[in-house]
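Asker: Got run15.cif for you, mmCIF, N, CA and C atoms:
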```
data_protein
loop_
_atom_site.label_atom_id
_atom_site.label_comp_id
_atom_site.auth_asym_id
_atom_site.auth_seq_id
_atom_site.Cartn_x
_atom_site.Cartn_y
_atom_site.Cartn_z
N SER S 1 -21.17 -9.52 54.21
CA SER S 1 -22.52 -9.02 54.43
C SER S 1 -23.46 -9.60 53.39
N ALA S 2 -24.75 -9.53 53.65
CA ALA S 2 -25.75 -10.06 52.73
C ALA S 2 -25.73 -9.30 51.41
N ALA S 3 -25.54 -7.98 51.47
CA ALA S 3 -25.51 -7.17 50.25
C ALA S 3 -24.33 -7.57 49.36
N SER S 4 -23.17 -7.81 49.98
CA SER S 4 -22.02 -8.20 49.18
C SER S 4 -22.19 -9.61 48.60
N ASP S 5 -22.87 -10.49 49.32
CA ASP S 5 -23.15 -11.83 48.79
C ASP S 5 -24.08 -11.77 47.58
N VAL S 6 -25.08 -10.88 47.64
CA VAL S 6 -25.99 -10.70 46.51
C VAL S 6 -25.22 -10.16 45.32
N TYR S 7 -24.34 -9.17 45.56
CA TYR S 7 -23.54 -8.61 44.49
C TYR S 7 -22.66 -9.68 43.85
N LYS S 8 -21.99 -10.48 44.70
CA LYS S 8 -21.15 -11.57 44.19
C LYS S 8 -21.98 -12.53 43.34
N SER S 9 -23.15 -12.88 43.82
CA SER S 9 -24.03 -13.79 43.09
C SER S 9 -24.42 -13.20 41.74
N GLN S 10 -24.74 -11.90 41.73
CA GLN S 10 -25.12 -11.23 40.47
C GLN S 10 -23.93 -11.21 39.50
N GLU S 11 -22.75 -10.98 40.02
CA GLU S 11 -21.56 -10.94 39.16
C GLU S 11 -21.26 -12.32 38.58
N TRP S 12 -21.40 -13.38 39.39
CA TRP S 12 -21.18 -14.73 38.88
C TRP S 12 -22.21 -15.08 37.81
N THR S 13 -23.46 -14.66 38.02
CA THR S 13 -24.51 -14.89 37.02
C THR S 13 -24.17 -14.16 35.73
N ARG S 14 -23.75 -12.92 35.85
CA ARG S 14 -23.39 -12.13 34.67
C ARG S 14 -22.20 -12.75 33.94
N LEU S 15 -21.19 -13.17 34.69
CA LEU S 15 -20.03 -13.83 34.11
C LEU S 15 -20.46 -15.08 33.35
N ASN S 16 -21.31 -15.87 33.97
CA ASN S 16 -21.81 -17.10 33.36
C ASN S 16 -22.51 -16.79 32.03
N GLU S 17 -23.38 -15.81 32.05
CA GLU S 17 -24.13 -15.44 30.84
C GLU S 17 -23.21 -14.94 29.73
N GLU S 18 -22.27 -14.06 30.09
CA GLU S 18 -21.36 -13.48 29.09
C GLU S 18 -20.46 -14.55 28.47
N LEU S 19 -19.90 -15.40 29.31
CA LEU S 19 -18.98 -16.42 28.79
C LEU S 19 -19.71 -17.49 27.99
N THR S 20 -20.91 -17.83 28.39
CA THR S 20 -21.70 -18.80 27.63
C THR S 20 -22.01 -18.22 26.25
N LYS S 21 -22.33 -16.94 26.19
CA LYS S 21 -22.60 -16.26 24.91
C LYS S 21 -21.34 -16.27 24.03
N ILE S 22 -20.19 -15.92 24.61
CA ILE S 22 -18.93 -15.90 23.85
C ILE S 22 -18.60 -17.31 23.34
N ALA S 23 -18.77 -18.30 24.20
CA ALA S 23 -18.44 -19.67 23.84
C ALA S 23 -19.30 -20.16 22.67
N SER S 24 -20.52 -19.67 22.58
CA SER S 24 -21.39 -20.10 21.48
C SER S 24 -20.96 -19.48 20.14
N GLN S 25 -20.16 -18.42 20.19
CA GLN S 25 -19.75 -17.72 18.98
C GLN S 25 -18.38 -18.15 18.45
N TYR S 26 -17.57 -18.78 19.31
CA TYR S 26 -16.21 -19.12 18.93
C TYR S 26 -15.91 -20.58 19.26
N LYS S 27 -15.00 -21.16 18.46
CA LYS S 27 -14.55 -22.53 18.72
C LYS S 27 -13.10 -22.48 19.23
N ASP S 28 -12.70 -23.51 19.91
CA ASP S 28 -11.31 -23.66 20.34
C ASP S 28 -10.78 -22.43 21.09
N ILE S 29 -11.50 -22.02 22.10
CA ILE S 29 -11.10 -20.87 22.91
C ILE S 29 -9.89 -21.24 23.77
N VAL S 30 -8.92 -20.34 23.79
CA VAL S 30 -7.73 -20.48 24.64
C VAL S 30 -7.74 -19.31 25.60
N ILE S 31 -7.53 -19.58 26.87
CA ILE S 31 -7.48 -18.53 27.89
C ILE S 31 -6.07 -17.94 27.91
N ILE S 32 -5.99 -16.63 27.99
CA ILE S 32 -4.71 -15.96 28.22
C ILE S 32 -4.77 -15.42 29.63
N GLY S 33 -3.90 -15.92 30.48
CA GLY S 33 -3.91 -15.54 31.89
C GLY S 33 -2.80 -14.56 32.20
N SER S 34 -3.12 -13.57 33.01
CA SER S 34 -2.12 -12.58 33.40
C SER S 34 -2.26 -12.30 34.89
N GLY S 35 -1.15 -12.06 35.52
CA GLY S 35 -1.17 -11.72 36.94
C GLY S 35 -0.39 -12.71 37.77
N GLY S 36 -0.21 -12.34 39.01
CA GLY S 36 0.63 -13.12 39.92
C GLY S 36 0.14 -14.52 40.20
N ASN S 37 -1.18 -14.70 40.33
CA ASN S 37 -1.69 -16.04 40.66
C ASN S 37 -1.47 -17.04 39.54
N ILE S 38 -1.85 -16.66 38.31
CA ILE S 38 -1.70 -17.60 37.21
C ILE S 38 -0.23 -17.81 36.87
N ASN S 39 0.58 -16.78 37.05
CA ASN S 39 2.02 -16.95 36.84
C ASN S 39 2.60 -17.97 37.82
N LYS S 40 2.19 -17.87 39.08
CA LYS S 40 2.69 -18.81 40.09
C LYS S 40 2.19 -20.23 39.79
N LEU S 41 0.92 -20.34 39.41
CA LEU S 41 0.37 -21.65 39.08
C LEU S 41 1.11 -22.27 37.89
N TYR S 42 1.42 -21.45 36.90
CA TYR S 42 2.18 -21.93 35.74
C TYR S 42 3.56 -22.42 36.18
N LYS S 43 4.22 -21.64 37.05
CA LYS S 43 5.54 -22.05 37.52
C LYS S 43 5.49 -23.35 38.32
N LEU S 44 4.40 -23.55 39.08
CA LEU S 44 4.25 -24.76 39.88
C LEU S 44 3.82 -25.97 39.07
N ALA S 45 3.29 -25.73 37.87
CA ALA S 45 2.76 -26.84 37.06
C ALA S 45 3.86 -27.84 36.72
N LYS S 46 3.54 -29.11 36.88
CA LYS S 46 4.50 -30.16 36.52
C LYS S 46 4.47 -30.40 35.02
N SER S 47 3.29 -30.32 34.45
CA SER S 47 3.11 -30.57 33.03
C SER S 47 2.76 -29.25 32.35
N LYS S 48 3.69 -28.75 31.51
CA LYS S 48 3.46 -27.48 30.82
C LYS S 48 4.24 -27.46 29.52
N ASN S 49 3.84 -26.58 28.63
CA ASN S 49 4.52 -26.40 27.35
C ASN S 49 5.31 -25.10 27.44
N GLU S 50 6.62 -25.22 27.57
CA GLU S 50 7.45 -24.03 27.74
C GLU S 50 7.70 -23.31 26.43
N GLU S 51 7.38 -23.94 25.29
CA GLU S 51 7.55 -23.27 24.00
C GLU S 51 6.56 -22.13 23.83
N ASP S 52 5.31 -22.36 24.24
CA ASP S 52 4.31 -21.30 24.10
C ASP S 52 3.79 -20.81 25.46
N ASN S 53 4.50 -21.16 26.53
CA ASN S 53 4.14 -20.74 27.89
C ASN S 53 2.68 -21.08 28.21
N SER S 54 2.32 -22.34 28.02
CA SER S 54 0.95 -22.74 28.29
C SER S 54 0.92 -23.99 29.16
N PHE S 55 -0.24 -24.20 29.75
CA PHE S 55 -0.51 -25.46 30.43
C PHE S 55 -1.99 -25.76 30.30
N SER S 56 -2.33 -27.01 30.53
CA SER S 56 -3.70 -27.42 30.30
C SER S 56 -4.60 -27.06 31.49
N VAL S 57 -5.86 -26.92 31.19
CA VAL S 57 -6.85 -26.70 32.24
C VAL S 57 -6.86 -27.90 33.17
N ASN S 58 -6.62 -29.09 32.63
CA ASN S 58 -6.55 -30.30 33.47
C ASN S 58 -5.41 -30.19 34.49
N GLU S 59 -4.28 -29.63 34.07
CA GLU S 59 -3.15 -29.45 34.99
C GLU S 59 -3.50 -28.42 36.06
N LEU S 60 -4.17 -27.36 35.68
CA LEU S 60 -4.62 -26.37 36.66
C LEU S 60 -5.57 -27.02 37.65
N SER S 61 -6.48 -27.82 37.17
CA SER S 61 -7.43 -28.52 38.04
C SER S 61 -6.71 -29.45 39.01
N ARG S 62 -5.70 -30.15 38.52
CA ARG S 62 -4.91 -31.06 39.36
C ARG S 62 -4.25 -30.27 40.50
N MET S 63 -3.65 -29.13 40.16
CA MET S 63 -2.97 -28.32 41.17
C MET S 63 -3.98 -27.72 42.16
N TYR S 64 -5.11 -27.29 41.64
CA TYR S 64 -6.16 -26.74 42.50
C TYR S 64 -6.56 -27.76 43.57
N HIS S 65 -6.75 -29.00 43.14
CA HIS S 65 -7.18 -30.04 44.09
C HIS S 65 -6.07 -30.42 45.07
N LEU S 66 -4.81 -30.16 44.70
CA LEU S 66 -3.70 -30.37 45.65
C LEU S 66 -3.63 -29.23 46.67
N LEU S 67 -3.85 -28.00 46.20
CA LEU S 67 -3.70 -26.82 47.06
C LEU S 67 -4.90 -26.57 47.96
N LYS S 68 -6.10 -26.82 47.47
CA LYS S 68 -7.32 -26.44 48.19
C LYS S 68 -7.42 -27.01 49.60
N PRO S 69 -7.11 -28.29 49.81
CA PRO S 69 -7.27 -28.81 51.18
C PRO S 69 -6.22 -28.30 52.17
N LEU S 70 -5.16 -27.68 51.68
CA LEU S 70 -4.08 -27.23 52.56
C LEU S 70 -4.44 -25.90 53.22
N SER S 71 -3.92 -25.69 54.40
CA SER S 71 -4.08 -24.39 55.06
C SER S 71 -3.16 -23.39 54.36
N VAL S 72 -3.39 -22.12 54.62
CA VAL S 72 -2.53 -21.08 54.05
C VAL S 72 -1.07 -21.34 54.45
N GLU S 73 -0.86 -21.69 55.70
CA GLU S 73 0.50 -21.96 56.20
C GLU S 73 1.13 -23.15 55.46
N GLU S 74 0.33 -24.20 55.25
CA GLU S 74 0.85 -25.38 54.53
C GLU S 74 1.20 -25.03 53.09
N ARG S 75 0.38 -24.22 52.43
CA ARG S 75 0.67 -23.80 51.06
C ARG S 75 1.96 -22.99 51.02
N MET S 76 2.14 -22.13 52.02
CA MET S 76 3.35 -21.30 52.08
C MET S 76 4.59 -22.19 52.21
N LYS S 77 4.52 -23.14 53.10
CA LYS S 77 5.68 -24.00 53.38
C LYS S 77 5.96 -24.97 52.23
N LYS S 78 4.92 -25.67 51.77
CA LYS S 78 5.10 -26.73 50.78
C LYS S 78 5.40 -26.18 49.38
N TYR S 79 4.81 -25.03 49.03
CA TYR S 79 4.95 -24.50 47.67
C TYR S 79 5.66 -23.15 47.62
N ASP S 80 6.26 -22.76 48.72
CA ASP S 80 7.03 -21.52 48.80
C ASP S 80 6.21 -20.31 48.33
N LEU S 81 5.00 -20.21 48.86
CA LEU S 81 4.10 -19.10 48.51
C LEU S 81 4.17 -18.03 49.59
N LYS S 82 4.09 -16.78 49.16
CA LYS S 82 4.01 -15.67 50.12
C LYS S 82 2.62 -15.69 50.74
N PRO S 83 2.47 -15.12 51.94
CA PRO S 83 1.17 -15.20 52.64
C PRO S 83 -0.02 -14.69 51.82
N ASP S 84 0.14 -13.54 51.16
CA ASP S 84 -0.99 -13.02 50.38
C ASP S 84 -1.30 -13.89 49.17
N ARG S 85 -0.30 -14.53 48.58
CA ARG S 85 -0.50 -15.41 47.44
C ARG S 85 -1.15 -16.73 47.90
N ALA S 86 -0.67 -17.26 49.00
CA ALA S 86 -1.20 -18.53 49.51
C ALA S 86 -2.68 -18.42 49.84
N ASP S 87 -3.10 -17.22 50.21
CA ASP S 87 -4.49 -16.98 50.57
C ASP S 87 -5.39 -16.88 49.34
N VAL S 88 -4.95 -16.18 48.29
CA VAL S 88 -5.84 -15.88 47.15
C VAL S 88 -5.69 -16.83 45.97
N ILE S 89 -4.73 -17.74 46.02
CA ILE S 89 -4.49 -18.62 44.87
C ILE S 89 -5.66 -19.58 44.63
N ILE S 90 -6.38 -19.93 45.68
CA ILE S 90 -7.54 -20.83 45.52
C ILE S 90 -8.69 -20.11 44.82
N PRO S 91 -9.16 -18.95 45.30
CA PRO S 91 -10.23 -18.28 44.55
C PRO S 91 -9.80 -17.90 43.13
N ALA S 92 -8.53 -17.55 42.94
CA ALA S 92 -8.06 -17.24 41.59
C ALA S 92 -8.15 -18.47 40.69
N SER S 93 -7.75 -19.62 41.22
CA SER S 93 -7.86 -20.87 40.46
C SER S 93 -9.32 -21.17 40.11
N GLU S 94 -10.20 -20.92 41.07
CA GLU S 94 -11.63 -21.16 40.83
C GLU S 94 -12.17 -20.28 39.71
N ILE S 95 -11.69 -19.05 39.64
CA ILE S 95 -12.12 -18.16 38.56
C ILE S 95 -11.64 -18.70 37.22
N PHE S 96 -10.37 -19.07 37.12
CA PHE S 96 -9.84 -19.61 35.86
C PHE S 96 -10.55 -20.90 35.48
N LEU S 97 -10.79 -21.77 36.45
CA LEU S 97 -11.47 -23.03 36.15
C LEU S 97 -12.92 -22.79 35.72
N THR S 98 -13.57 -21.80 36.31
CA THR S 98 -14.94 -21.45 35.90
C THR S 98 -14.96 -20.92 34.48
N VAL S 99 -14.04 -20.02 34.18
CA VAL S 99 -13.95 -19.47 32.82
C VAL S 99 -13.71 -20.61 31.82
N ALA S 100 -12.81 -21.51 32.15
CA ALA S 100 -12.52 -22.64 31.26
C ALA S 100 -13.74 -23.52 31.06
N SER S 101 -14.44 -23.80 32.14
CA SER S 101 -15.62 -24.64 32.07
C SER S 101 -16.70 -24.01 31.20
N LEU S 102 -16.93 -22.71 31.38
CA LEU S 102 -17.99 -22.03 30.64
C LEU S 102 -17.66 -21.84 29.16
N THR S 103 -16.37 -21.76 28.83
CA THR S 103 -15.98 -21.52 27.44
C THR S 103 -15.52 -22.79 26.73
N GLY S 104 -15.32 -23.86 27.47
CA GLY S 104 -14.81 -25.08 26.87
C GLY S 104 -13.32 -25.02 26.59
N ALA S 105 -12.63 -24.02 27.13
CA ALA S 105 -11.18 -23.88 26.92
C ALA S 105 -10.45 -25.06 27.56
N LYS S 106 -9.43 -25.53 26.87
CA LYS S 106 -8.64 -26.66 27.37
C LYS S 106 -7.22 -26.23 27.74
N LYS S 107 -6.87 -24.99 27.37
CA LYS S 107 -5.48 -24.55 27.50
C LYS S 107 -5.45 -23.11 28.01
N ILE S 108 -4.41 -22.82 28.83
CA ILE S 108 -4.18 -21.47 29.35
C ILE S 108 -2.77 -21.06 28.94
N VAL S 109 -2.68 -19.92 28.25
CA VAL S 109 -1.39 -19.36 27.88
C VAL S 109 -1.06 -18.28 28.92
N VAL S 110 0.17 -18.33 29.42
CA VAL S 110 0.60 -17.38 30.44
C VAL S 110 1.81 -16.63 29.89
N PRO S 111 1.58 -15.48 29.24
CA PRO S 111 2.69 -14.73 28.64
C PRO S 111 3.70 -14.31 29.70
N VAL S 112 4.94 -14.24 29.29
CA VAL S 112 5.98 -13.83 30.24
C VAL S 112 5.91 -12.33 30.50
N ILE S 113 5.16 -11.62 29.70
CA ILE S 113 5.02 -10.18 29.87
C ILE S 113 3.66 -9.88 30.48
N GLY S 114 3.60 -8.97 31.43
CA GLY S 114 2.34 -8.61 32.07
C GLY S 114 1.53 -7.66 31.20
N VAL S 115 0.28 -7.43 31.58
CA VAL S 115 -0.62 -6.57 30.81
C VAL S 115 -0.06 -5.15 30.70
N ALA S 116 0.32 -4.56 31.82
CA ALA S 116 0.84 -3.18 31.80
C ALA S 116 2.09 -3.10 30.93
N ASP S 117 3.00 -4.06 31.08
CA ASP S 117 4.21 -4.06 30.25
C ASP S 117 3.87 -4.24 28.78
N GLY S 118 2.87 -5.05 28.49
CA GLY S 118 2.43 -5.26 27.11
C GLY S 118 1.87 -3.99 26.49
N ILE S 119 1.11 -3.24 27.25
CA ILE S 119 0.55 -1.97 26.76
C ILE S 119 1.69 -0.99 26.47
N ILE S 120 2.62 -0.88 27.39
CA ILE S 120 3.76 0.02 27.19
C ILE S 120 4.57 -0.42 25.98
N ASP S 121 4.82 -1.71 25.84
CA ASP S 121 5.56 -2.24 24.70
C ASP S 121 4.83 -1.91 23.39
N GLY S 122 3.50 -2.07 23.39
CA GLY S 122 2.70 -1.76 22.20
C GLY S 122 2.77 -0.29 21.85
N LEU S 123 2.69 0.58 22.85
CA LEU S 123 2.79 2.02 22.60
C LEU S 123 4.17 2.39 22.06
N PHE S 124 5.20 1.77 22.61
CA PHE S 124 6.56 2.02 22.15
C PHE S 124 6.72 1.62 20.69
N GLU S 125 6.21 0.42 20.35
CA GLU S 125 6.30 -0.06 18.96
C GLU S 125 5.51 0.84 18.02
N ALA S 126 4.31 1.29 18.43
CA ALA S 126 3.49 2.17 17.60
C ALA S 126 4.21 3.50 17.37
N ASP S 127 4.87 4.02 18.40
CA ASP S 127 5.62 5.27 18.28
C ASP S 127 6.79 5.10 17.32
N ARG S 128 7.48 3.98 17.40
CA ARG S 128 8.60 3.70 16.49
C ARG S 128 8.10 3.60 15.06
N ASP S 129 6.95 2.93 14.87
CA ASP S 129 6.39 2.78 13.52
C ASP S 129 6.01 4.15 12.95
N ASP S 130 5.45 5.04 13.80
CA ASP S 130 5.06 6.38 13.35
C ASP S 130 6.27 7.18 12.89
N LYS S 131 7.41 6.93 13.50
CA LYS S 131 8.63 7.67 13.16
C LYS S 131 9.44 6.99 12.05
N GLY S 132 8.94 5.84 11.60
CA GLY S 132 9.64 5.12 10.53
C GLY S 132 10.91 4.42 10.99
N GLU S 133 11.03 4.19 12.29
CA GLU S 133 12.21 3.51 12.83
C GLU S 133 12.03 2.01 12.74
N GLU S 134 13.16 1.31 12.66
CA GLU S 134 13.08 -0.15 12.65
C GLU S 134 13.84 -0.75 13.77
#
```
Starting from the coordinates I provided, produce the structure as structure tokens.
Answerer:
Amino acid sequence: SAASDVYKSQEWTRLNEELTKIASQYKDIVIIGSGGNINKLYKLAKSKNEEDNSFSVNELSRMYHLLKPLSVEERMKKYDLKPDRADVIIPASEIFLTVASLTGAKKIVVPVIGVADGIIDGLFEADRDDKGEE
């Protein structure tokens, strides 16, 4: 709908402004990606650093340009993607590439632990520290 398009446009403008502001305050920004899309893209990446679970924005861009022209069915077959992943991996890539472009980031780190698991792990460690356990 027209209203949702306006909302999307406003959100992209806000994202652009916020990230441009952040980029002006920091040097050598590295993106930390979490979630199913970036995890799958990392797994599909041909060129990646497995020591720190990272890959370059250039590698993400290369994969994006390989995946974008394919139909959802072709992505599913060629890259063994589930239907819901094959559908959303392109807009997800566009978001990561936009963030990288606006911040000047050259690298994306993809932790093996998800956000929710990381929060639980942090709470567990804080509780252990409070009890003096090692």
Asker: Find, counting only C-alpha atoms, the residue in S:Lys107, S:Lys48, S:Lys40, S:Lys78 that gets nearest to Ile90 in chain S.
Answerer: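 Looking at the shortest contact to Ile90 in chain S, the residue is S:Lys40.
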Asker: I'd like the contact shell of range 64-77 of chain S - 8 Å cut-off, all atoms listed in the file, skipping same-chain residues fewer than 2 positions apart - returned as a ChimeraX atom specification.
Answerer: /S:58-62,79-83,85-90,93-94
Asker: May I have the selected residues written with N, CA and C atoms, as a compact mmCIF listing (two decimals), in the frame of the given file?
Answerer:
```
# COMPACT_ATOMS: atom_id res chain seq x y z
N ASN S 58 -6.62 -29.09 32.63
CA ASN S 58 -6.55 -30.30 33.47
C ASN S 58 -5.41 -30.19 34.49
N GLU S 59 -4.28 -29.63 34.07
CA GLU S 59 -3.15 -29.45 34.99
C GLU S 59 -3.50 -28.42 36.06
N LEU S 60 -4.17 -27.36 35.68
CA LEU S 60 -4.62 -26.37 36.66
C LEU S 60 -5.57 -27.02 37.65
N SER S 61 -6.48 -27.82 37.17
CA SER S 61 -7.43 -28.52 38.04
C SER S 61 -6.71 -29.45 39.01
N ARG S 62 -5.70 -30.15 38.52
CA ARG S 62 -4.91 -31.06 39.36
C ARG S 62 -4.25 -30.27 40.50
N TYR S 79 4.81 -25.03 49.03
CA TYR S 79 4.95 -24.50 47.67
C TYR S 79 5.66 -23.15 47.62
N ASP S 80 6.26 -22.76 48.72
CA ASP S 80 7.03 -21.52 48.80
C ASP S 80 6.21 -20.31 48.33
N LEU S 81 5.00 -20.21 48.86
CA LEU S 81 4.10 -19.10 48.51
C LEU S 81 4.17 -18.03 49.59
N LYS S 82 4.09 -16.78 49.16
CA LYS S 82 4.01 -15.67 50.12
C LYS S 82 2.62 -15.69 50.74
N PRO S 83 2.47 -15.12 51.94
CA PRO S 83 1.17 -15.20 52.64
C PRO S 83 -0.02 -14.69 51.82
N ARG S 85 -0.30 -14.53 48.58
CA ARG S 85 -0.50 -15.41 47.44
C ARG S 85 -1.15 -16.73 47.90
N ALA S 86 -0.67 -17.26 49.00
CA ALA S 86 -1.20 -18.53 49.51
C ALA S 86 -2.68 -18.42 49.84
N ASP S 87 -3.10 -17.22 50.21
CA ASP S 87 -4.49 -16.98 50.57
C ASP S 87 -5.39 -16.88 49.34
N VAL S 88 -4.95 -16.18 48.29
CA VAL S 88 -5.84 -15.88 47.15
C VAL S 88 -5.69 -16.83 45.97
N ILE S 89 -4.73 -17.74 46.02
CA ILE S 89 -4.49 -18.62 44.87
C ILE S 89 -5.66 -19.58 44.63
N ILE S 90 -6.38 -19.93 45.68
CA ILE S 90 -7.54 -20.83 45.52
C ILE S 90 -8.69 -20.11 44.82
N SER S 93 -7.75 -19.62 41.22
CA SER S 93 -7.86 -20.87 40.46
C SER S 93 -9.32 -21.17 40.11
N GLU S 94 -10.20 -20.92 41.07
CA GLU S 94 -11.63 -21.16 40.83
C GLU S 94 -12.17 -20.28 39.71
```
Asker: I would like the residues chosen by the PyMOL selection byres ((chain S and resi 12-28) around 6.5) on the shown file; could you give them as a PyMOL selection string?
Answerer: chain S and resi 7-11+29-30+102-105
Asker: Once you have the residues from the selection above, write them out as a PDB file, keeping the file's coordinate frame, restricted to N, CA and C atoms.
Answerer:
```pdb
ATOM      1  N   TYR S   7     -24.340  -9.170  45.560  1.00  0.00           N
ATOM      2  CA  TYR S   7     -23.540  -8.610  44.490  1.00  0.00           C
ATOM      3  C   TYR S   7     -22.660  -9.680  43.850  1.00  0.00           C
ATOM      4  N   LYS S   8     -21.990 -10.480  44.700  1.00  0.00           N
ATOM      5  CA  LYS S   8     -21.150 -11.570  44.190  1.00  0.00           C
ATOM      6  C   LYS S   8     -21.980 -12.530  43.340  1.00  0.00           C
ATOM      7  N   SER S   9     -23.150 -12.880  43.820  1.00  0.00           N
ATOM      8  CA  SER S   9     -24.030 -13.790  43.090  1.00  0.00           C
ATOM      9  C   SER S   9     -24.420 -13.200  41.740  1.00  0.00           C
ATOM     10  N   GLN S  10     -24.740 -11.900  41.730  1.00  0.00           N
ATOM     11  CA  GLN S  10     -25.120 -11.230  40.470  1.00  0.00           C
ATOM     12  C   GLN S  10     -23.930 -11.210  39.500  1.00  0.00           C
ATOM     13  N   GLU S  11     -22.750 -10.980  40.020  1.00  0.00           N
ATOM     14  CA  GLU S  11     -21.560 -10.940  39.160  1.00  0.00           C
ATOM     15  C   GLU S  11     -21.260 -12.320  38.580  1.00  0.00           C
ATOM     16  N   ILE S  29     -11.500 -22.020  22.100  1.00  0.00           N
ATOM     17  CA  ILE S  29     -11.100 -20.870  22.910  1.00  0.00           C
ATOM     18  C   ILE S  29      -9.890 -21.240  23.770  1.00  0.00           C
ATOM     19  N   VAL S  30      -8.920 -20.340  23.790  1.00  0.00           N
ATOM     20  CA  VAL S  30      -7.730 -20.480  24.640  1.00  0.00           C
ATOM     21  C   VAL S  30      -7.740 -19.310  25.600  1.00  0.00           C
ATOM     22  N   LEU S 102     -16.930 -22.710  31.380  1.00  0.00           N
ATOM     23  CA  LEU S 102     -17.990 -22.030  30.640  1.00  0.00           C
ATOM     24  C   LEU S 102     -17.660 -21.840  29.160  1.00  0.00           C
ATOM     25  N   THR S 103     -16.370 -21.760  28.830  1.00  0.00           N
ATOM     26  CA  THR S 103     -15.980 -21.520  27.440  1.00  0.00           C
ATOM     27  C   THR S 103     -15.520 -22.790  26.730  1.00  0.00           C
ATOM     28  N   GLY S 104     -15.320 -23.860  27.470  1.00  0.00           N
ATOM     29  CA  GLY S 104     -14.810 -25.080  26.870  1.00  0.00           C
ATOM     30  C   GLY S 104     -13.320 -25.020  26.590  1.00  0.00           C
ATOM     31  N   ALA S 105     -12.630 -24.020  27.130  1.00  0.00           N
ATOM     32  CA  ALA S 105     -11.180 -23.880  26.920  1.00  0.00           C
ATOM     33  C   ALA S 105     -10.450 -25.060  27.560  1.00  0.00           C
TER      34      ALA S 105
END
```
Asker: Apply the PyMOL selection byres ((chain S and resi 108) around 6) to the file shown and report the selected residues as an MDAnalysis selection string.
Answerer: chainID S and resid 30:33 53:57 106:107 109:110
Asker: Enumerate as number ranges by chain all residues of range 26-119 of chain S assigned to helix (DSSP H, G or I) by DSSP on the backbone, naming them with the chain letters and numbers the document uses.
Answerer: S: 36-44, 57-67, 72-79, 83-103, 115-119
Asker: Range 10-103 of chain S: which residues are strand (DSSP E or B) by DSSP, as an MDAnalysis selection string?
Answerer: chainID S and resid 31:32 49 54:56
Asker: Keeping only N, CA and C atoms, write those residues as a short mmCIF file (atom, residue, chain, number, x, y, z; two decimals), in the coordinates of the input.
Answerer:
```cif
data_model
loop_
_atom_site.label_atom_id
_atom_site.label_comp_id
_atom_site.auth_asym_id
_atom_site.auth_seq_id
_atom_site.Cartn_x
_atom_site.Cartn_y
_atom_site.Cartn_z
N ILE S 31 -7.53 -19.58 26.87
CA ILE S 31 -7.48 -18.53 27.89
C ILE S 31 -6.07 -17.94 27.91
N ILE S 32 -5.99 -16.63 27.99
CA ILE S 32 -4.71 -15.96 28.22
C ILE S 32 -4.77 -15.42 29.63
N ASN S 49 3.84 -26.58 28.63
CA ASN S 49 4.52 -26.40 27.35
C ASN S 49 5.31 -25.10 27.44
N SER S 54 2.32 -22.34 28.02
CA SER S 54 0.95 -22.74 28.29
C SER S 54 0.92 -23.99 29.16
N PHE S 55 -0.24 -24.20 29.75
CA PHE S 55 -0.51 -25.46 30.43
C PHE S 55 -1.99 -25.76 30.30
N SER S 56 -2.33 -27.01 30.53
CA SER S 56 -3.70 -27.42 30.30
C SER S 56 -4.60 -27.06 31.49
#
```
Asker: Would you mind listing what lies within 12 Å of Pro111 in chain S as a PyMOL selection string, with only C-alpha atoms counted and same-chain residues fewer than 4 positions away left out?
Answerer: chain S and resi 31-36+38-39+42-43+49-55+115+117-118
Asker: Using CA of Leu44 in chain S and CA of Ile95 in chain S as the two end points, give the distance in Å to one decimal.
Answerer: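 Interatomic distance here is 17.7 Å.
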Asker: Would you compute, for all listed atoms of range 55-71 of chain S, the axis-aligned bounding box grown by 6 Å on each side, and then report its centre and edge lengths in Å rounded to one decimal, as lines of an AutoDock Vina configuration file?
Answerer:
```
center_x = -3.8
center_y = -27.2
center_z = 42.4
size_x = 19.2
size_y = 19.7
size_z = 37.3
```
Asker: To one decimal place, how far is CA of Ile119 in chain S from CA of Asn37 in chain S in Å?
Answerer: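 Atom-to-atom, CA of Ile119 in chain S and CA of Asn37 in chain S are spaced 19.9 Å apart.
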Asker: For CA of Ala45 in chain S and CA of Ala100 in chain S, quote the distance in Å rounded to one decimal.
Answerer: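 Pair CA of Ala45 in chain S / CA of Ala100 in chain S returns 16.9 Å.
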Asker: Which residue out of S:Phe124, S:Asp84, S:Asp5, S:Leu41 has the minimum interatomic distance to Met63 in chain S when all atoms listed in the file are used?
Answerer: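 Of all the options, S:Leu41 lies closest to Met63 in chain S.
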